[in-house]
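Everything below concerns the one structure shown next.
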Amino acid sequence: HIRPRFDIMGGVSVVADTLSEGKGTDMKTAIVNGQEISAEAVQFELDRLVRFYKGCNGLKTGSTAKAGFCVSVTAEREGMGLIAVVMGAETSQDRFQACKQLLDYGFANFALITHQLPETTLIPVKLGVSDSVRVIPAQHIQLLIDKSQLNQINIRTELADTVCAPVSQGQQVGMLTVQMGEQVLQQVPLVAETAVSKLTWWQIFLSLLRQLAG
């Protein structure tokens with residue numbers, strides 16, 4: 001097995017996040033896989049990754065007499081990350097070319113569907129200390145599909161008209177459904193982002209007085 005200067009798959013991609021956030025501008029050294037290396041060396045490897053393939057953020061090579069030339073590469077474009085693995089290539093150049101072809105195919109033919117509810121997605125709360133509560137998905141919505149099927153995707157949101165207090169954080173108040181034609185691809189519960197306590201009798205009484213006075 002031939003190992004590169006350091007394991008990019010396990011280390012440089014982490015340092016890349018640090019550099020991309022602007023934390024690496026004054027950094028002189030970094031710890032990658034337990035080894036202290038210069039920030040210049042990290043930046044050199046990151047630049048080499050970008051030159052290799054647009055969006056590339058991880059790379060690990062290796063070779064043996066029996067396995068041939070091998071490589072695993074990670075790349076990300078428009079929020080979609082792919083991993084390409086090539087084993088048994090006859091030459092070093094062959095493995096990289098094969099990886100590029102795999103990644104090109106993936107990015108050209110597949111898309112990542114994500115969906116976020118508007119921050120203004122609220123549901124009215126009866127007899128609560130708040131009049132409404134924000135609604136959020138119970139889990140991240142993410143689906144990988146063939147690009148040719150994008151126009152068949154339909155995302156439907158169903159919410160209860162109102163909920164009665166008390167409302168607990170994470171309480172289900174609706175459902176988000178992702179469909180392709182008649183086929184249901186994913187269903188995610190919609191839940192209350194925060195808890196809402198029930199009004200006390202005294203608070204209800206004061207509210208009625210304010211309404212009468214107004």
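We label chains A, B, ... in the order they appear in the structure tokens, count residues from 1 in each chain, and number ligands from 1 in the order shown.
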
Write out, as CSV, each residue of segment 103-134 of chain A that has an atom at most 8 Å from segment 148-163 of chain A, together with the closest pair of atoms and their distance in Å to one decimal, counting only C-alpha atoms, rows going by chain and rising number.
residue,atom,partner,partner_atom,distance
A:Asn109,CA,A:Ser148,CA,7.6
A:Ile123,CA,A:Thr162,CA,6.0
A:Pro124,CA,A:Thr162,CA,4.9
A:Val125,CA,A:Val163,CA,5.0
A:Lys126,CA,A:Val163,CA,6.2

Next, the residues of the selection above should be written as an mmCIF file, in the first residue's frame with N, CA, C and O atoms.
data_model
loop_
_atom_site.group_PDB
_atom_site.id
_atom_site.type_symbol
_atom_site.label_atom_id
_atom_site.label_comp_id
_atom_site.auth_asym_id
_atom_site.auth_seq_id
_atom_site.Cartn_x
_atom_site.Cartn_y
_atom_site.Cartn_z
ATOM 1 N N ASN A 109 -26.313 13.156 -14.050
ATOM 2 C CA ASN A 109 -27.549 12.376 -14.115
ATOM 3 C C ASN A 109 -28.389 12.362 -12.840
ATOM 4 O O ASN A 109 -29.530 11.895 -12.872
ATOM 5 N N ILE A 123 -48.698 27.679 12.960
ATOM 6 C CA ILE A 123 -50.010 27.078 13.167
ATOM 7 C C ILE A 123 -50.638 27.741 14.394
ATOM 8 O O ILE A 123 -49.967 27.944 15.417
ATOM 9 N N PRO A 124 -51.920 28.154 14.308
ATOM 10 C CA PRO A 124 -52.562 28.823 15.447
ATOM 11 C C PRO A 124 -52.673 27.894 16.654
ATOM 12 O O PRO A 124 -52.893 26.685 16.514
ATOM 13 N N VAL A 125 -52.536 28.481 17.849
ATOM 14 C CA VAL A 125 -52.645 27.731 19.104
ATOM 15 C C VAL A 125 -53.806 28.298 19.911
ATOM 16 O O VAL A 125 -53.857 29.505 20.181
ATOM 17 N N LYS A 126 -54.734 27.434 20.287
ATOM 18 C CA LYS A 126 -55.879 27.843 21.110
ATOM 19 C C LYS A 126 -55.504 27.772 22.588
ATOM 20 O O LYS A 126 -54.883 26.810 23.038
#

Close residues, Lys198 of chain A itself excluded, 12 Å, only C-alpha atoms, min 3 positions apart in chain, as an MDAnalysis selection string: chainID A and resid 125:131 163:168 195 201:204

Based on the selection just made, write C-alpha atoms of those residues as a compact mmCIF listing (two decimals), in the first residue's frame.
# COMPACT_ATOMS: atom_id res chain seq x y z
CA VAL A 125 -52.65 27.73 19.10
CA LYS A 126 -55.88 27.84 21.11
CA LEU A 127 -55.70 28.89 24.78
CA GLY A 128 -51.92 29.16 24.66
CA VAL A 129 -49.57 31.80 26.06
CA SER A 130 -48.59 32.29 22.41
CA ASP A 131 -51.11 32.67 19.61
CA VAL A 163 -53.77 22.97 17.97
CA CYS A 164 -54.85 23.32 21.58
CA ALA A 165 -52.43 24.23 24.35
CA PRO A 166 -50.45 22.86 25.98
CA VAL A 167 -48.23 22.09 22.99
CA SER A 168 -45.03 20.14 23.59
CA ALA A 195 -43.43 24.27 23.56
CA TRP A 201 -57.68 30.64 34.42
CA TRP A 202 -56.39 33.93 35.76
CA GLN A 203 -54.68 34.72 32.44
CA ILE A 204 -57.88 33.86 30.57

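Using only C-alpha atoms, the smallest distance between any of A:Leu117, A:Leu59, A:Ala213, A:Ile141 and Ile83 of chain A comes from A:Leu59.
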
So what do you get for atom CA of Lys60 of chain A versus atom CA of Glu90 of chain A, distance-wise? 16.9 Å

Give me every strand (DSSP E or B) residue in segment 120-195 of chain A, going by DSSP on the backbone, as a ChimeraX atom specification. /A:122-126,128,132-137,142-146,153-159,163-164,167,172-180,183-192

List every residue of segment 24-168 of chain A that DSSP, applied to the backbone, labels as alpha helix (DSSP H), and write the result as JSON, numbers by chain. {"A": [39, 40, 41, 42, 43, 44, 45, 46, 47, 48, 49, 50, 51, 52, 92, 93, 94, 95, 96, 97, 98, 99, 100, 101, 102, 103, 104, 105, 106, 107, 108, 109]}

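Around Tyr105 of chain A, within 12 Å and counting only C-alpha atoms, the residues found are Leu82, Ile83, Ala84, Ala98, Cys99, Lys100, Gln101, Asn109, Phe110, Ala111, Asp146 and Lys147 of chain A, once anything fewer than 4 positions away on its own chain is removed.
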
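Residues in contact range of Pro137 of chain A, defined as at most 9 Å between only C-alpha atoms, with sequence neighbours fewer than 5 positions away removed, read A:Gln116, A:Leu117, A:Met175, A:Leu176, A:Val188, A:Pro189, A:Leu190, A:Val191, A:Ala192, A:Glu193.
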
Next, dump the selected residues to file, keeping only C-alpha atoms, as an mmCIF file, in the first residue's frame.
data_model
loop_
_atom_site.group_PDB
_atom_site.id
_atom_site.type_symbol
_atom_site.label_atom_id
_atom_site.label_comp_id
_atom_site.auth_asym_id
_atom_site.auth_seq_id
_atom_site.Cartn_x
_atom_site.Cartn_y
_atom_site.Cartn_z
ATOM 1 C CA GLN A 116 -37.154 23.792 3.835
ATOM 2 C CA LEU A 117 -40.360 25.269 5.168
ATOM 3 C CA MET A 175 -47.078 15.803 7.534
ATOM 4 C CA LEU A 176 -44.836 16.612 4.569
ATOM 5 C CA VAL A 188 -41.676 13.498 7.252
ATOM 6 C CA PRO A 189 -43.741 14.549 10.292
ATOM 7 C CA LEU A 190 -44.113 18.288 10.797
ATOM 8 C CA VAL A 191 -43.696 19.244 14.439
ATOM 9 C CA ALA A 192 -43.889 22.228 16.782
ATOM 10 C CA GLU A 193 -40.508 23.917 17.098
#

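Counting from atom CA of Leu112 of chain A, the distance to atom CA of Gln179 of chain A is 14.3 Å.
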
For atom CA of Ser197 of chain A and atom CA of Gln169 of chain A, the interatomic separation in Å (one decimal): 10.4 Å

Contacts of Thr120 of chain A at 12 Å (only C-alpha atoms; same-chain gap of 5+ positions) as a PyMOL selection string: chain A and resi 132-136

Using only C-alpha atoms, which of A:Val85, A:Met180, A:Leu208, A:Val196 sits nearest Leu143 of chain A? A:Met180
